[in-house]
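Reviewing the structure listed below.
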Amino acid sequence: MTTSDPVVRVRDLRKSYGSFTAVDGVSFDIERGETFALLGPNGAGKSTTIEILEGYRDRTSGEASVLGTDPSKGGLDWKARLGIVLQSTGESGNVTVREQLGHFAGFYPNPRSVDETIAAVGLESKQKTLIRKLSGGQQRRVDVALGIIGNPELLFLDEPTTGFDPEARRQFWDLIRSLKAEGTTILLTTHYLDEAAQLGDRAGIIAGGRLIDIGRIDEIGGADARIPLVRWRENGQLREERTTTPAALVARLGEVEALEVIRPSLEDIYIDLVGRHAAQEATA
Amino acid sequence: MIALGVSRIGYEIKTYFRQTDTVFFTFLFPLVMLTIFSVAFSEQSFGQDADGNDVIAANYYLPAMLAAGLLLSGLQNLAIDIAGEKSDGTLKRFAGTPLPVGSYFVGKIGQVLVTGALQAIVLIAVAGLIFRVPLPTEPEKWLTFLWVFVFGVITSAVLGIALSGLPRSGKSATAVIIPIVLVLQFISGVYLQFTALPEWLQNFASVFPLKWMAQGTRSVFLPENFEVLEQGESWNLPGVAIAMAIWLIVGLIVTRLTFRWIRKDS
């Protein structure tokens, strides 16, 4: 594998359970050093896709390559290059944060320092606490710490910040940015669109097992979806207008009440895309 | 694999003793039962040795509880423990790391060896020091105990790993495994005198390993003249070794065929 080959390469990936198709012909690449966000409603096939790439599930058909290896055949050497933060964990946690990280560090040929990792997830003050005595958000940070302890080339983050308070989430974003700066490739799924917008270079939106859009975070949904919205109040009534020339419209309006110029956020674009997809499915 | 296995042993032992319910139901249970039997039947004689001394209850039940300990520390402990780790996501997490399955097994079997040995030491010490059970003085007897113990505990541990796939979930593990262990103890001469059982039940129990483990420990701790009370009037130590070897192989094969970090597509 040369450095120019994508770290993750997926072509026409399918996964069926009996007559139900969870993943229905998904294709994408993730380049080295890139952070790719996989977005979509619950049950859309995000986790199935990510678990196929992690080697947890076998695909029904299609091609998949992760770090140059077929994930359904990945050995221990391959696993040593991955970091996996699963969606949910429920271990009994009868060890301290430090014991757990020190133990897991021993699995990898080239681990990060335990101290640094504990600091990176902000658990210095809890390092001698049993994991089961931590709060849900703190346990999630242990999961993230275990995902990065092996110094992975590719990090899978399946809804990593569920249960975090806003401050912890911002700390986590800083951690991910520093991993990115070190050159780590990241595949992220999340329900928080602001998180995807903050961290992602590109995003793919999956619904009903299909990739309905893929592109750079600032381009996804196409130019039309990004037309700004001008909103104001006139004669006690809320008015809004979408326009590619919002400044001209505002200048024409002059001093009106409750004037706002809104650029659609990733969340607005996402809701619009997923909504339109659902409507198409319903009429099809 | 071995270095990581040793690291796993330390980790396993640490978590074992932090789990209060396993410490009680696995580690201390035989000691509690030995104490109950020794006190309850303290007035009763369980026969006489060659010199005409009465065999006290503590002496009679010591080998039985040592055999029960082998089964609890190995089979019961690991079957429940691993079923729990399967359903709480521990094994799924390991599946995503470069930890070899072999190291995980080394960790489990090592944990059973260490906790089983501590359990046996505590049982023998309490029997000898508190209940004044005359302990064997011949080195050959202790050598017999050593191989019966090591062979028994490993067989029991491997069978525990093999049985861990049986419970559907971690929550049902206790309900599935404990009855098996309990029934085995009743029919294998742990709580009830083996030769007092009907012959068909003796034959049935002889299929399973616990009967043989208990026979092995009895050969060490009961007086020589008790040998005639055994099936075939013999301790039959070669039989003990063969039965345990067969079960060890069965356990290894079942483990090889059924153990997976995770069931893909479940």
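Convention: chains lettered A, B, ... in structure tokens order; per-chain residue numbering from 1; ligands numbered from 1 as shown.
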How close does each residue of chain B get to chain A, giving the shortest atom pair and distance in Å to one decimal for every residue with an atom at most 7 Å away, counting only C-alpha atoms, sorted by chain and residue number, as CSV?
```
residue,atom,partner,partner_atom,distance
B:Thr15,CA,A:Asn94,CA,5.7
B:Arg18,CA,A:Asn94,CA,6.5
B:Asp88,CA,A:Gly90,CA,5.0
B:Gly89,CA,A:Thr89,CA,5.6
B:Thr90,CA,A:Glu91,CA,5.8
B:Gly96,CA,A:Lys79,CA,6.3
B:Thr97,CA,A:Lys79,CA,5.6
B:Pro98,CA,A:Leu76,CA,4.5
B:Leu99,CA,A:Phe107,CA,5.6
B:Lys264,CA,A:Arg57,CA,5.2
B:Asp265,CA,A:Arg57,CA,5.7
```
Deliver the residues from the most recent selection as a file, using N, CA and C atoms, as a PDB file, in the first residue's frame.
```pdb
ATOM      1  N   THR B  15      -9.246  -8.394  39.496  1.00  0.00           N
ATOM      2  CA  THR B  15     -10.686  -8.173  39.336  1.00  0.00           C
ATOM      3  C   THR B  15     -11.491  -9.265  40.058  1.00  0.00           C
ATOM      4  N   ARG B  18     -12.010  -8.298  43.547  1.00  0.00           N
ATOM      5  CA  ARG B  18     -12.818  -7.091  43.719  1.00  0.00           C
ATOM      6  C   ARG B  18     -14.290  -7.380  43.487  1.00  0.00           C
ATOM      7  N   ASP B  88     -21.413  -8.268  28.369  1.00  0.00           N
ATOM      8  CA  ASP B  88     -21.249  -6.850  28.746  1.00  0.00           C
ATOM      9  C   ASP B  88     -20.313  -6.084  27.809  1.00  0.00           C
ATOM     10  N   GLY B  89     -19.794  -6.761  26.787  1.00  0.00           N
ATOM     11  CA  GLY B  89     -18.998  -6.044  25.794  1.00  0.00           C
ATOM     12  C   GLY B  89     -17.493  -6.132  26.005  1.00  0.00           C
ATOM     13  N   THR B  90     -17.063  -6.804  27.076  1.00  0.00           N
ATOM     14  CA  THR B  90     -15.623  -6.937  27.311  1.00  0.00           C
ATOM     15  C   THR B  90     -14.952  -7.671  26.143  1.00  0.00           C
ATOM     16  N   GLY B  96     -11.470  -6.055  19.148  1.00  0.00           N
ATOM     17  CA  GLY B  96     -10.961  -4.940  18.362  1.00  0.00           C
ATOM     18  C   GLY B  96      -9.542  -4.545  18.727  1.00  0.00           C
ATOM     19  N   THR B  97      -8.891  -5.334  19.570  1.00  0.00           N
ATOM     20  CA  THR B  97      -7.496  -5.055  19.954  1.00  0.00           C
ATOM     21  C   THR B  97      -6.615  -6.217  19.486  1.00  0.00           C
ATOM     22  N   PRO B  98      -5.301  -6.004  19.483  1.00  0.00           N
ATOM     23  CA  PRO B  98      -4.419  -7.119  19.091  1.00  0.00           C
ATOM     24  C   PRO B  98      -4.182  -8.150  20.201  1.00  0.00           C
ATOM     25  N   LEU B  99      -5.027  -8.204  21.222  1.00  0.00           N
ATOM     26  CA  LEU B  99      -4.851  -9.233  22.266  1.00  0.00           C
ATOM     27  C   LEU B  99      -5.128 -10.616  21.673  1.00  0.00           C
ATOM     28  N   LYS B 264     -20.313 -12.995  15.086  1.00  0.00           N
ATOM     29  CA  LYS B 264     -20.534 -12.049  14.008  1.00  0.00           C
ATOM     30  C   LYS B 264     -22.002 -12.112  13.617  1.00  0.00           C
ATOM     31  N   ASP B 265     -22.562 -10.926  13.316  1.00  0.00           N
ATOM     32  CA  ASP B 265     -23.938 -10.852  12.834  1.00  0.00           C
ATOM     33  C   ASP B 265     -24.980 -11.246  13.855  1.00  0.00           C
TER      34      ASP B 265
END
```
Any idea what's packed within 9 Å of region 27-39 of chain B, counting only C-alpha atoms, ignoring anything in its chain fewer than 4 positions away? Could you give it as an mmCIF file with N, CA and C atoms, in the first residue's frame?
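Output below, filename out-v3.cif:
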```cif
data_model
loop_
_atom_site.group_PDB
_atom_site.id
_atom_site.type_symbol
_atom_site.label_atom_id
_atom_site.label_comp_id
_atom_site.auth_asym_id
_atom_site.auth_seq_id
_atom_site.Cartn_x
_atom_site.Cartn_y
_atom_site.Cartn_z
ATOM 1 N N THR B 22 -18.342 -13.213 43.636
ATOM 2 C CA THR B 22 -17.567 -14.409 43.282
ATOM 3 C C THR B 22 -16.689 -14.838 44.456
ATOM 4 N N VAL B 23 -16.194 -13.858 45.202
ATOM 5 C CA VAL B 23 -15.359 -14.230 46.345
ATOM 6 C C VAL B 23 -16.172 -15.096 47.294
ATOM 7 N N GLU B 43 -20.581 -34.358 66.550
ATOM 8 C CA GLU B 43 -20.740 -35.449 67.519
ATOM 9 C C GLU B 43 -20.672 -36.810 66.845
ATOM 10 N N ILE B 56 -13.456 -37.816 62.135
ATOM 11 C CA ILE B 56 -14.421 -36.748 62.419
ATOM 12 C C ILE B 56 -14.981 -36.164 61.118
ATOM 13 N N ALA B 57 -16.077 -35.420 61.281
ATOM 14 C CA ALA B 57 -16.768 -34.860 60.110
ATOM 15 C C ALA B 57 -15.840 -33.990 59.278
ATOM 16 N N ALA B 58 -15.031 -33.139 59.939
ATOM 17 C CA ALA B 58 -14.142 -32.231 59.201
ATOM 18 C C ALA B 58 -13.177 -33.015 58.321
ATOM 19 N N ASN B 59 -12.704 -34.148 58.841
ATOM 20 C CA ASN B 59 -11.796 -34.979 58.057
ATOM 21 C C ASN B 59 -12.515 -35.581 56.861
ATOM 22 N N TYR B 60 -13.749 -36.051 57.112
ATOM 23 C CA TYR B 60 -14.516 -36.695 56.055
ATOM 24 C C TYR B 60 -14.871 -35.718 54.946
ATOM 25 N N TYR B 61 -15.189 -34.483 55.336
ATOM 26 C CA TYR B 61 -15.631 -33.501 54.338
ATOM 27 C C TYR B 61 -14.506 -32.688 53.707
ATOM 28 N N LEU B 62 -13.298 -32.724 54.289
ATOM 29 C CA LEU B 62 -12.201 -31.943 53.695
ATOM 30 C C LEU B 62 -11.933 -32.320 52.232
ATOM 31 N N ALA B 64 -13.876 -33.754 50.150
ATOM 32 C CA ALA B 64 -15.072 -33.440 49.357
ATOM 33 C C ALA B 64 -15.101 -31.953 49.009
ATOM 34 N N MET B 65 -14.786 -31.111 49.999
ATOM 35 C CA MET B 65 -14.840 -29.665 49.758
ATOM 36 C C MET B 65 -13.682 -29.206 48.868
ATOM 37 N N LEU B 66 -12.543 -29.896 48.961
ATOM 38 C CA LEU B 66 -11.441 -29.573 48.046
ATOM 39 C C LEU B 66 -11.857 -29.869 46.602
ATOM 40 N N ALA B 68 -14.986 -29.967 45.529
ATOM 41 C CA ALA B 68 -16.002 -28.959 45.177
ATOM 42 C C ALA B 68 -15.306 -27.654 44.786
ATOM 43 N N GLY B 69 -14.253 -27.307 45.513
ATOM 44 C CA GLY B 69 -13.493 -26.089 45.211
ATOM 45 C C GLY B 69 -12.911 -26.114 43.805
ATOM 46 N N LEU B 72 -15.804 -25.342 41.538
ATOM 47 C CA LEU B 72 -16.296 -23.963 41.656
ATOM 48 C C LEU B 72 -15.292 -22.965 41.091
ATOM 49 N N SER B 73 -14.025 -23.112 41.479
ATOM 50 C CA SER B 73 -13.003 -22.147 41.036
ATOM 51 C C SER B 73 -12.790 -22.215 39.537
ATOM 52 N N THR B 115 -6.246 -18.701 42.325
ATOM 53 C CA THR B 115 -7.327 -18.601 43.319
ATOM 54 C C THR B 115 -7.696 -19.994 43.845
ATOM 55 N N GLY B 116 -7.633 -21.006 42.978
ATOM 56 C CA GLY B 116 -7.918 -22.376 43.423
ATOM 57 C C GLY B 116 -6.886 -22.851 44.441
ATOM 58 N N LEU B 118 -5.055 -20.917 46.447
ATOM 59 C CA LEU B 118 -5.293 -20.193 47.705
ATOM 60 C C LEU B 118 -6.465 -20.810 48.453
ATOM 61 N N GLN B 119 -7.512 -21.159 47.703
ATOM 62 C CA GLN B 119 -8.694 -21.756 48.300
ATOM 63 C C GLN B 119 -8.338 -23.094 48.973
ATOM 64 N N VAL B 122 -6.342 -22.467 52.149
ATOM 65 C CA VAL B 122 -7.199 -22.008 53.249
ATOM 66 C C VAL B 122 -8.009 -23.185 53.811
ATOM 67 N N LEU B 123 -8.575 -24.016 52.922
ATOM 68 C CA LEU B 123 -9.373 -25.159 53.372
ATOM 69 C C LEU B 123 -8.538 -26.112 54.227
ATOM 70 N N VAL B 126 -7.536 -24.441 57.596
ATOM 71 C CA VAL B 126 -8.644 -24.364 58.554
ATOM 72 C C VAL B 126 -8.950 -25.762 59.100
ATOM 73 N N ALA B 127 -8.974 -26.757 58.199
ATOM 74 C CA ALA B 127 -9.253 -28.130 58.643
ATOM 75 C C ALA B 127 -8.195 -28.584 59.643
ATOM 76 N N PHE B 131 -10.094 -27.411 62.993
ATOM 77 C CA PHE B 131 -10.885 -28.617 63.255
ATOM 78 C C PHE B 131 -10.021 -29.818 63.616
#
```
Could you give me, as number ranges by chain, the residues within 8 Å of Gln127 (chain A), counting only C-alpha atoms and dropping anything in the same chain fewer than 3 positions from it? A: 96-98, 118, 123-124
Excluding region 201-203 of chain A and its own-chain neighbours fewer than 2 positions away, which residues fall within 12 Å of it when counting only C-alpha atoms? Please give them as a PDB file with N, CA and C atoms, in the first residue's frame.
```
ATOM      1  N   PHE A  28     -17.393   4.733  -0.674  1.00  0.00           N
ATOM      2  CA  PHE A  28     -16.667   5.970  -0.346  1.00  0.00           C
ATOM      3  C   PHE A  28     -15.210   5.631  -0.075  1.00  0.00           C
ATOM      4  N   ASP A  29     -14.384   6.676  -0.087  1.00  0.00           N
ATOM      5  CA  ASP A  29     -12.975   6.540   0.269  1.00  0.00           C
ATOM      6  C   ASP A  29     -12.682   7.473   1.432  1.00  0.00           C
ATOM      7  N   ILE A  30     -11.720   7.106   2.248  1.00  0.00           N
ATOM      8  CA  ILE A  30     -11.214   8.050   3.244  1.00  0.00           C
ATOM      9  C   ILE A  30      -9.708   8.126   3.030  1.00  0.00           C
ATOM     10  N   GLU A  31      -9.225   9.342   2.797  1.00  0.00           N
ATOM     11  CA  GLU A  31      -7.793   9.516   2.521  1.00  0.00           C
ATOM     12  C   GLU A  31      -7.014   9.592   3.828  1.00  0.00           C
ATOM     13  N   ARG A  32      -5.722   9.357   3.723  1.00  0.00           N
ATOM     14  CA  ARG A  32      -4.849   9.415   4.901  1.00  0.00           C
ATOM     15  C   ARG A  32      -4.918  10.802   5.550  1.00  0.00           C
ATOM     16  N   GLY A  33      -5.102  10.830   6.860  1.00  0.00           N
ATOM     17  CA  GLY A  33      -5.120  12.095   7.592  1.00  0.00           C
ATOM     18  C   GLY A  33      -6.466  12.804   7.587  1.00  0.00           C
ATOM     19  N   GLU A  34      -7.419  12.223   6.889  1.00  0.00           N
ATOM     20  CA  GLU A  34      -8.715  12.875   6.769  1.00  0.00           C
ATOM     21  C   GLU A  34      -9.648  12.475   7.915  1.00  0.00           C
ATOM     22  N   THR A  35     -10.549  13.375   8.278  1.00  0.00           N
ATOM     23  CA  THR A  35     -11.623  13.021   9.204  1.00  0.00           C
ATOM     24  C   THR A  35     -12.925  12.982   8.413  1.00  0.00           C
ATOM     25  N   PHE A  36     -13.523  11.812   8.392  1.00  0.00           N
ATOM     26  CA  PHE A  36     -14.734  11.595   7.603  1.00  0.00           C
ATOM     27  C   PHE A  36     -15.880  11.331   8.564  1.00  0.00           C
ATOM     28  N   ALA A  37     -16.944  12.107   8.421  1.00  0.00           N
ATOM     29  CA  ALA A  37     -18.106  11.936   9.299  1.00  0.00           C
ATOM     30  C   ALA A  37     -19.194  11.190   8.546  1.00  0.00           C
ATOM     31  N   LEU A  38     -19.679  10.128   9.165  1.00  0.00           N
ATOM     32  CA  LEU A  38     -20.778   9.379   8.576  1.00  0.00           C
ATOM     33  C   LEU A  38     -22.029   9.751   9.368  1.00  0.00           C
ATOM     34  N   LEU A  39     -22.983  10.380   8.691  1.00  0.00           N
ATOM     35  CA  LEU A  39     -24.160  10.907   9.379  1.00  0.00           C
ATOM     36  C   LEU A  39     -25.400  10.195   8.883  1.00  0.00           C
ATOM     37  N   GLY A  40     -26.419  10.207   9.713  1.00  0.00           N
ATOM     38  CA  GLY A  40     -27.666   9.593   9.283  1.00  0.00           C
ATOM     39  C   GLY A  40     -28.550   9.291  10.470  1.00  0.00           C
ATOM     40  N   ARG A 177      -8.801  17.140  17.399  1.00  0.00           N
ATOM     41  CA  ARG A 177      -8.005  18.014  16.532  1.00  0.00           C
ATOM     42  C   ARG A 177      -6.519  17.731  16.696  1.00  0.00           C
ATOM     43  N   LYS A 180      -5.743  14.621  14.863  1.00  0.00           N
ATOM     44  CA  LYS A 180      -5.729  14.958  13.448  1.00  0.00           C
ATOM     45  C   LYS A 180      -4.396  15.596  13.064  1.00  0.00           C
ATOM     46  N   THR A 185      -6.030   9.246  10.827  1.00  0.00           N
ATOM     47  CA  THR A 185      -7.220   9.224   9.989  1.00  0.00           C
ATOM     48  C   THR A 185      -8.403   8.845  10.878  1.00  0.00           C
ATOM     49  N   ILE A 186      -9.528   9.513  10.717  1.00  0.00           N
ATOM     50  CA  ILE A 186     -10.641   9.292  11.636  1.00  0.00           C
ATOM     51  C   ILE A 186     -11.944   9.067  10.875  1.00  0.00           C
ATOM     52  N   LEU A 187     -12.659   8.017  11.296  1.00  0.00           N
ATOM     53  CA  LEU A 187     -14.018   7.797  10.804  1.00  0.00           C
ATOM     54  C   LEU A 187     -14.961   8.002  11.979  1.00  0.00           C
ATOM     55  N   LEU A 188     -15.827   8.992  11.852  1.00  0.00           N
ATOM     56  CA  LEU A 188     -16.672   9.423  12.960  1.00  0.00           C
ATOM     57  C   LEU A 188     -18.142   9.253  12.600  1.00  0.00           C
ATOM     58  N   THR A 189     -18.919   8.665  13.502  1.00  0.00           N
ATOM     59  CA  THR A 189     -20.368   8.793  13.329  1.00  0.00           C
ATOM     60  C   THR A 189     -20.867   9.595  14.509  1.00  0.00           C
ATOM     61  N   THR A 190     -21.850  10.420  14.265  1.00  0.00           N
ATOM     62  CA  THR A 190     -22.372  11.239  15.354  1.00  0.00           C
ATOM     63  C   THR A 190     -23.784  11.691  15.027  1.00  0.00           C
ATOM     64  N   LEU A 193     -24.666  17.346  14.702  1.00  0.00           N
ATOM     65  CA  LEU A 193     -24.200  17.882  13.444  1.00  0.00           C
ATOM     66  C   LEU A 193     -23.148  18.960  13.641  1.00  0.00           C
ATOM     67  N   GLU A 195     -20.898  18.803  15.824  1.00  0.00           N
ATOM     68  CA  GLU A 195     -19.660  18.049  16.030  1.00  0.00           C
ATOM     69  C   GLU A 195     -19.044  17.660  14.686  1.00  0.00           C
ATOM     70  N   ALA A 196     -19.901  17.164  13.796  1.00  0.00           N
ATOM     71  CA  ALA A 196     -19.418  16.786  12.466  1.00  0.00           C
ATOM     72  C   ALA A 196     -18.857  18.009  11.748  1.00  0.00           C
ATOM     73  N   ALA A 197     -19.538  19.158  11.903  1.00  0.00           N
ATOM     74  CA  ALA A 197     -19.085  20.377  11.234  1.00  0.00           C
ATOM     75  C   ALA A 197     -17.756  20.856  11.823  1.00  0.00           C
ATOM     76  N   GLN A 198     -17.610  20.702  13.148  1.00  0.00           N
ATOM     77  CA  GLN A 198     -16.374  21.129  13.805  1.00  0.00           C
ATOM     78  C   GLN A 198     -15.181  20.256  13.414  1.00  0.00           C
ATOM     79  N   LEU A 199     -15.410  18.948  13.330  1.00  0.00           N
ATOM     80  CA  LEU A 199     -14.280  18.022  13.204  1.00  0.00           C
ATOM     81  C   LEU A 199     -14.069  17.492  11.794  1.00  0.00           C
ATOM     82  N   ILE A 205     -23.771  11.223   4.066  1.00  0.00           N
ATOM     83  CA  ILE A 205     -25.062  11.108   4.751  1.00  0.00           C
ATOM     84  C   ILE A 205     -25.730   9.836   4.269  1.00  0.00           C
ATOM     85  N   ILE A 206     -26.087   9.002   5.223  1.00  0.00           N
ATOM     86  CA  ILE A 206     -26.619   7.687   4.905  1.00  0.00           C
ATOM     87  C   ILE A 206     -28.063   7.639   5.400  1.00  0.00           C
ATOM     88  N   LEU A 211     -26.095   5.825   0.630  1.00  0.00           N
ATOM     89  CA  LEU A 211     -25.405   7.089   0.780  1.00  0.00           C
ATOM     90  C   LEU A 211     -26.164   8.109  -0.071  1.00  0.00           C
ATOM     91  N   ILE A 212     -26.830   9.072   0.566  1.00  0.00           N
ATOM     92  CA  ILE A 212     -27.639  10.003  -0.232  1.00  0.00           C
ATOM     93  C   ILE A 212     -26.852  11.250  -0.605  1.00  0.00           C
ATOM     94  N   ASP A 213     -25.766  11.516   0.106  1.00  0.00           N
ATOM     95  CA  ASP A 213     -24.901  12.612  -0.326  1.00  0.00           C
ATOM     96  C   ASP A 213     -23.535  12.416   0.312  1.00  0.00           C
ATOM     97  N   ILE A 214     -22.528  12.935  -0.352  1.00  0.00           N
ATOM     98  CA  ILE A 214     -21.174  12.855   0.173  1.00  0.00           C
ATOM     99  C   ILE A 214     -20.417  14.052  -0.356  1.00  0.00           C
ATOM    100  N   GLY A 215     -19.587  14.630   0.470  1.00  0.00           N
ATOM    101  CA  GLY A 215     -18.812  15.769  -0.010  1.00  0.00           C
ATOM    102  C   GLY A 215     -18.135  16.487   1.126  1.00  0.00           C
ATOM    103  N   ARG A 216     -17.426  17.582   0.800  1.00  0.00           N
ATOM    104  CA  ARG A 216     -16.797  18.380   1.847  1.00  0.00           C
ATOM    105  C   ARG A 216     -17.874  18.984   2.718  1.00  0.00           C
ATOM    106  N   ILE A 217     -17.560  19.130   3.990  1.00  0.00           N
ATOM    107  CA  ILE A 217     -18.548  19.633   4.942  1.00  0.00           C
ATOM    108  C   ILE A 217     -19.147  20.954   4.454  1.00  0.00           C
ATOM    109  N   ASP A 218     -18.299  21.824   3.873  1.00  0.00           N
ATOM    110  CA  ASP A 218     -18.821  23.128   3.461  1.00  0.00           C
ATOM    111  C   ASP A 218     -19.467  23.099   2.073  1.00  0.00           C
ATOM    112  N   GLU A 219     -19.563  21.903   1.479  1.00  0.00           N
ATOM    113  CA  GLU A 219     -20.181  21.833   0.155  1.00  0.00           C
ATOM    114  C   GLU A 219     -21.354  20.867   0.093  1.00  0.00           C
ATOM    115  N   ILE A 220     -21.491  20.068   1.159  1.00  0.00           N
ATOM    116  CA  ILE A 220     -22.493  19.001   1.106  1.00  0.00           C
ATOM    117  C   ILE A 220     -23.900  19.592   0.938  1.00  0.00           C
ATOM    118  N   GLY A 221     -24.739  18.866   0.224  1.00  0.00           N
ATOM    119  CA  GLY A 221     -26.087  19.347  -0.014  1.00  0.00           C
ATOM    120  C   GLY A 221     -26.195  20.206  -1.266  1.00  0.00           C
ATOM    121  N   LEU A 266     -24.949  22.961   8.866  1.00  0.00           N
ATOM    122  CA  LEU A 266     -24.913  21.568   8.429  1.00  0.00           C
ATOM    123  C   LEU A 266     -26.176  20.845   8.884  1.00  0.00           C
ATOM    124  N   TYR A 270     -28.686  18.907   6.557  1.00  0.00           N
ATOM    125  CA  TYR A 270     -28.880  17.483   6.831  1.00  0.00           C
ATOM    126  C   TYR A 270     -30.368  17.146   6.966  1.00  0.00           C
TER     127      TYR A 270
END
```
Excluding same-chain residues fewer than 6 positions from region 1-14 of chain B, what lies within 7 Å of it counting only C-alpha atoms, as a list in words? Pro100, Gly102, Ser103, Tyr104, Val106, Gly107, Lys108, Gly110 and Gln111 of chain B
Can those selected residues be exported to a file as a tab-separated table (two decimals), in the first residue's frame so that it contains C-alpha atoms?
```tsv
chain	number	residue	atom	x	y	z
B	100	PRO	CA	-4.43	-12.90	21.22
B	102	GLY	CA	-4.52	-17.52	23.73
B	103	SER	CA	-3.34	-14.81	26.14
B	104	TYR	CA	-6.89	-14.33	27.33
B	106	VAL	CA	-3.73	-18.08	29.82
B	107	GLY	CA	-5.06	-15.23	31.98
B	108	LYS	CA	-8.23	-17.11	32.89
B	110	GLY	CA	-3.80	-18.68	35.57
B	111	GLN	CA	-6.42	-16.88	37.63
```
Skipping near chain neighbours, those fewer than 3 positions away, what residues fall within 12 Å of Asn235 (chain A) using only C-alpha atoms, listed as an NGL selection string? :A and (232 or 238-239 or 256-258)
